[in-house]
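Have a look at the structure below before the remarks.
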Amino acid sequence: MATEHRIALIPGDGIGTEVLPPATAVLDKVGARHGITFRYDDFDWCCERYLHEGAMMPANGLDQIRHHDAILLGAVGWPGVPDHVSLWGLLIPIRRQFDQYVNLRPIKVMPGVPSPVRSAEPGLEFVVVRENVEGEYSEVGGRFHRGFADEMAVQESIFTRPGVTRILDYAFELAATRRNVVTSATKSNGIVHTMPFWDELVAEAGLRHPDVRWHQEHIDALVAKVVLDPSRFDVIVGSNLFGDILSDLAAAVAGSIGIAPAGNLNPSREFPSMFEPVHGSAPDIAGKGVANPLGAIWSAAMMLDHLGHPDAGAEVVAAMVDVLGNTPVRTADLGGTASTEEFTKTLLDRI
Ligand code: GGG
């Protein structure tokens with residue numbers, strides 16, 4: 001039976017506009033093989049809009065996309081607009097309003113993509129589960145005595161029992177489908193209220209999931225271990241800030257942040273989930289047609305999984321592995337000379 005999905009496309013800024021067309025081309029091709037059609041609605045919400053109209057998206061923007069089946073986003077951020085303005089004007093309202101409290105970031109060493117870490121063999125994989133709607137990403141705080149010698153800034157973090165419990169349960173349940181190991185990242189020797197609270201809730205989650213082994217690591221020691229021996233990890237769970245930093249680091253360990261995908265998931269499915277490459281808008285290469293589209297394409301594969309088409313998603317990932325493992329075609333971030341278009345064509349030919 002044919003299935004149609006309505007997808008909100010938000011290319012955003014810089015290379016975001018260059019990597020979404022390859023992702024939709026891949027979706028259309030794999031969709032045709034599986035009886036899935038996609039109807040795309042484009043939203044030009046970006047920093048340029050902010051510069052002209054004073055807002056990254058219209059006041060009713062969230063209402064415009066709340067009934068889509070999913071959101072595919074490119075990248076957010078551009079010189080001339082402070083990063084916190086673009087992030088809080090677009091990405092964060094979407095994550096929060098649609099209760100996308102899980103940021104799922106799989107890491108995989110692909111064949112033919114050398115890792116800077118000697119022990120990271122092709123096939124090595126683990127996943128970072130980032131809490132996505134609270135924690136250190138908070139508007140609570142303020143700037144005081146601006147312009148005076150005693151100027152200061154105060155920033156509060158917010159960790160709630162329901163918010164931390166649900167992300168930990170998600171991580172433990174995910175681990176139960178994998179290698180049964182959760183590593184939790186905190187810094188409870190230095191941050192004395194929120195982080196010990198998180199650690200206590202990890203211990204409680206461990207009691208609810210007795211078959212899953214768990215470890216607690218201070219974030220500083222953990223990043224060193226991820227670089228030195230990534231093979232020891234399976235599911236790493238962390239707060240909004242720690243999960244963000246860890247997953248960029250882990251993507252670099254896997255060879256390039258250009259490949260890494262992310263799903264901002266609303267597990268209850270009351271609202272659409274959003275899929276986006278981990279990389280940003282990359283102003284240094286934007287407009288040159290050389291961006292690696294794999295982060296966006298892999299994110300689209302995660303979207304297929306989420307929409308109930310795991311076979312189609314797996315075909316996309318298999319085609320990625322095929323191109324990287326069996327052809328020399330690469331974009332510049334992976335040491336090649338292929339343009340975004342050439343790379344995408346090679347991939348499409350293998351789906
Ligand atoms: N495609 C991801 C992107 O553009 N990210 C911009 C960014 O700064 N993200 C920070 C975050 O995910 O919290």
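Residue names in the structure tokens use chain letters A, B, ... in the order shown, residue numbers from 1 in each chain, and ligand numbers from 1 in the order shown.
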Per residue of chain A within 6 Å of ligand 1, note the shortest atom pair and the distance in Å to one decimal, counting only C-alpha atoms and all ligand atoms, and order the rows by chain and increasing residue number, as JSON lines.
```
{"residue": "A:Gly74", "atom": "CA", "partner": "ligand 1", "partner_atom_place_in_ligand_line": "1 (N)", "distance": 5.2}
{"residue": "A:Ala75", "atom": "CA", "partner": "ligand 1", "partner_atom_place_in_ligand_line": "4 (O)", "distance": 3.2}
{"residue": "A:Val76", "atom": "CA", "partner": "ligand 1", "partner_atom_place_in_ligand_line": "4 (O)", "distance": 3.9}
{"residue": "A:Glu276", "atom": "CA", "partner": "ligand 1", "partner_atom_place_in_ligand_line": "1 (N)", "distance": 5.0}
{"residue": "A:Pro277", "atom": "CA", "partner": "ligand 1", "partner_atom_place_in_ligand_line": "1 (N)", "distance": 4.7}
{"residue": "A:Val278", "atom": "CA", "partner": "ligand 1", "partner_atom_place_in_ligand_line": "2 (C)", "distance": 4.7}
{"residue": "A:His279", "atom": "CA", "partner": "ligand 1", "partner_atom_place_in_ligand_line": "1 (N)", "distance": 5.0}
{"residue": "A:Gly280", "atom": "CA", "partner": "ligand 1", "partner_atom_place_in_ligand_line": "4 (O)", "distance": 3.8}
{"residue": "A:Ser281", "atom": "CA", "partner": "ligand 1", "partner_atom_place_in_ligand_line": "4 (O)", "distance": 5.8}
```
Considering only C-alpha atoms, return as a short mmCIF file (atom, residue, chain, number, x, y, z; two decimals) with C-alpha atoms, in the first residue's frame whatever protein or nucleic-acid residues lie within 12 Å of A:Leu294, sequence-local ones (same chain, fewer than 4 positions apart) excluded.
```cif
data_model
loop_
_atom_site.label_atom_id
_atom_site.label_comp_id
_atom_site.auth_asym_id
_atom_site.auth_seq_id
_atom_site.Cartn_x
_atom_site.Cartn_y
_atom_site.Cartn_z
CA GLY A 16 22.25 23.57 5.10
CA GLU A 18 23.25 22.50 -0.14
CA VAL A 19 22.83 19.25 1.80
CA LEU A 20 19.03 19.03 1.96
CA PRO A 21 18.46 18.58 -1.83
CA PRO A 22 20.72 15.47 -1.83
CA ALA A 23 18.78 14.15 1.18
CA THR A 24 15.39 14.61 -0.52
CA VAL A 26 17.77 10.00 -1.75
CA GLY A 74 19.92 21.69 7.36
CA MET A 110 32.56 3.82 8.06
CA SER A 256 34.40 13.54 10.02
CA ILE A 257 31.67 15.62 11.57
CA GLY A 258 30.33 15.91 7.99
CA ILE A 259 28.88 12.40 8.23
CA ALA A 260 27.22 12.54 11.65
CA PRO A 261 23.40 12.54 11.84
CA ALA A 262 21.00 13.52 14.60
CA GLU A 276 19.37 17.29 11.10
CA PRO A 277 23.05 16.73 10.40
CA VAL A 278 25.24 17.42 13.43
CA HIS A 279 27.39 19.86 11.44
CA VAL A 290 31.67 20.90 -1.85
CA TRP A 298 22.01 9.68 7.17
CA SER A 299 19.62 11.96 9.11
CA ALA A 300 17.02 11.29 6.40
CA ALA A 301 17.64 7.56 6.92
CA VAL A 316 20.22 4.21 2.56
CA VAL A 317 22.85 3.40 5.19
CA ALA A 319 24.40 2.59 0.07
CA MET A 320 26.50 5.00 2.13
CA VAL A 321 28.71 2.14 3.33
CA VAL A 323 30.09 4.18 -1.74
CA LEU A 324 32.59 4.85 1.03
CA ARG A 330 34.70 11.53 -1.46
CA THR A 331 34.05 15.15 -0.59
CA ASP A 333 36.37 16.77 4.31
CA LEU A 334 37.15 13.08 3.68
CA THR A 340 28.33 17.56 -3.34
CA GLU A 341 26.52 16.84 -6.61
CA PHE A 343 29.02 12.44 -4.52
CA THR A 344 25.20 12.44 -4.41
CA LEU A 347 25.24 7.39 -4.01
CA LEU A 348 21.94 7.58 -5.90
#
```
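For the residues A:Val202, A:Ile107, A:Val133, A:Ala224, ranking by smallest atom-to-atom distance to A:Asn264 using only C-alpha atoms places A:Val133 first.
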Atom CA of A:Glu4 to atom CA of A:Ile36, distance in Å rounded to a single decimal: 5.8 Å
Give me, please, the distance in Å between atom CA of A:Ala32 and atom CA of A:Glu315, quoted to one decimal. 12.5 Å
Find the spatial neighbours of A:Asp63, counting only C-alpha atoms, within a cut-off of 12 Å - ignore same-chain residues fewer than 6 positions away - and output them as a list of chain:residue names. A:Ala8, A:Met57, A:Pro93, A:Ile94, A:Gln97, A:Phe98, A:Phe271, A:Pro272
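Residues of stretch 184-254 of chain A carrying a DSSP assignment of strand (DSSP E or B), computed from the backbone, are Ser184, Ala185, Thr186, Arg213, Trp214, His215, Gln216, Glu217, His218, Val235, Ile236, Val237 and Gly238 of chain A.
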Would you output that residue set with N, CA and C atoms, as an mmCIF file, in the first residue's frame?
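So the final result, stored in selection31.cif, reads:
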```
data_model
loop_
_atom_site.group_PDB
_atom_site.id
_atom_site.type_symbol
_atom_site.label_atom_id
_atom_site.label_comp_id
_atom_site.auth_asym_id
_atom_site.auth_seq_id
_atom_site.Cartn_x
_atom_site.Cartn_y
_atom_site.Cartn_z
ATOM 1 N N SER A 184 27.019 7.139 31.780
ATOM 2 C CA SER A 184 26.407 8.441 32.047
ATOM 3 C C SER A 184 27.497 9.475 32.295
ATOM 4 N N ALA A 185 27.366 10.629 31.626
ATOM 5 C CA ALA A 185 28.371 11.691 31.734
ATOM 6 C C ALA A 185 27.896 12.785 32.674
ATOM 7 N N THR A 186 28.642 13.035 33.739
ATOM 8 C CA THR A 186 28.327 14.175 34.606
ATOM 9 C C THR A 186 29.634 14.855 35.035
ATOM 10 N N ARG A 213 23.905 -2.878 32.460
ATOM 11 C CA ARG A 213 25.000 -2.395 33.302
ATOM 12 C C ARG A 213 25.179 -0.897 33.071
ATOM 13 N N TRP A 214 25.566 -0.186 34.087
ATOM 14 C CA TRP A 214 25.777 1.253 33.885
ATOM 15 C C TRP A 214 27.010 1.737 34.628
ATOM 16 N N HIS A 215 27.611 2.794 34.081
ATOM 17 C CA HIS A 215 28.793 3.416 34.680
ATOM 18 C C HIS A 215 28.559 4.913 34.690
ATOM 19 N N GLN A 216 29.192 5.511 35.636
ATOM 20 C CA GLN A 216 29.118 6.963 35.722
ATOM 21 C C GLN A 216 30.533 7.487 35.512
ATOM 22 N N GLU A 217 30.689 8.496 34.674
ATOM 23 C CA GLU A 217 32.027 9.035 34.412
ATOM 24 C C GLU A 217 31.972 10.552 34.509
ATOM 25 N N HIS A 218 33.029 11.147 35.023
ATOM 26 C CA HIS A 218 33.129 12.606 34.924
ATOM 27 C C HIS A 218 33.452 12.949 33.464
ATOM 28 N N VAL A 235 26.077 2.935 24.725
ATOM 29 C CA VAL A 235 25.159 4.077 24.830
ATOM 30 C C VAL A 235 25.754 5.050 25.856
ATOM 31 N N ILE A 236 26.014 6.270 25.415
ATOM 32 C CA ILE A 236 26.485 7.305 26.346
ATOM 33 C C ILE A 236 25.362 8.310 26.496
ATOM 34 N N VAL A 237 24.970 8.592 27.722
ATOM 35 C CA VAL A 237 23.881 9.548 27.946
ATOM 36 C C VAL A 237 24.420 10.747 28.723
ATOM 37 N N GLY A 238 23.984 11.936 28.311
ATOM 38 C CA GLY A 238 24.466 13.129 28.992
ATOM 39 C C GLY A 238 23.480 14.268 28.872
#
```
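The shortest atom-to-atom distance to A:Asn266, with only C-alpha atoms taken into account, belongs to A:Ala70 out of A:Ala70, A:Val109, A:Ala254, A:Leu304.
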Excluding A:Asp322 and its own-chain neighbours fewer than 4 positions away, which residues fall within 9 Å of it when counting only C-alpha atoms? Please give them as an MDAnalysis selection string. chainID A and resid 111 317:318 326:327 347 350
Could you save those same residues with N, CA and C atoms as an mmCIF file, in the first residue's frame?
```
data_model
loop_
_atom_site.group_PDB
_atom_site.id
_atom_site.type_symbol
_atom_site.label_atom_id
_atom_site.label_comp_id
_atom_site.auth_asym_id
_atom_site.auth_seq_id
_atom_site.Cartn_x
_atom_site.Cartn_y
_atom_site.Cartn_z
ATOM 1 N N PRO A 111 33.606 2.223 6.536
ATOM 2 C CA PRO A 111 34.754 1.724 5.771
ATOM 3 C C PRO A 111 35.265 2.829 4.858
ATOM 4 N N VAL A 317 21.576 3.549 4.469
ATOM 5 C CA VAL A 317 22.853 3.401 5.187
ATOM 6 C C VAL A 317 23.749 2.406 4.438
ATOM 7 N N ALA A 318 23.176 1.341 3.894
ATOM 8 C CA ALA A 318 23.974 0.365 3.145
ATOM 9 C C ALA A 318 24.600 1.011 1.908
ATOM 10 N N ASN A 326 33.646 1.111 -1.283
ATOM 11 C CA ASN A 326 33.995 0.508 -2.577
ATOM 12 C C ASN A 326 34.302 1.491 -3.690
ATOM 13 N N THR A 327 34.261 2.783 -3.389
ATOM 14 C CA THR A 327 34.630 3.749 -4.436
ATOM 15 C C THR A 327 35.567 4.792 -3.807
ATOM 16 N N LEU A 347 26.057 8.071 -5.031
ATOM 17 C CA LEU A 347 25.236 7.389 -4.013
ATOM 18 C C LEU A 347 23.880 6.969 -4.590
ATOM 19 N N ARG A 350 23.633 3.843 -6.480
ATOM 20 C CA ARG A 350 23.778 2.589 -5.718
ATOM 21 C C ARG A 350 22.569 2.287 -4.841
#
```
From stretch 47-283 of chain A, collect each residue whose DSSP state is helix (DSSP H, G or I) and return the set as a VMD selection string. chain A and resid 47 to 53 61 to 65 83 to 97 161 to 176 194 to 208 219 to 228 230 to 232 240 to 253
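Counting only C-alpha atoms, the residue from A:Pro114, A:Arg161, A:Gly313, A:Pro328 that sits nearest to A:His34 is A:Gly313.
We find atom CA of A:Val102 and atom CA of A:Glu136 to be spaced 15.0 Å apart.
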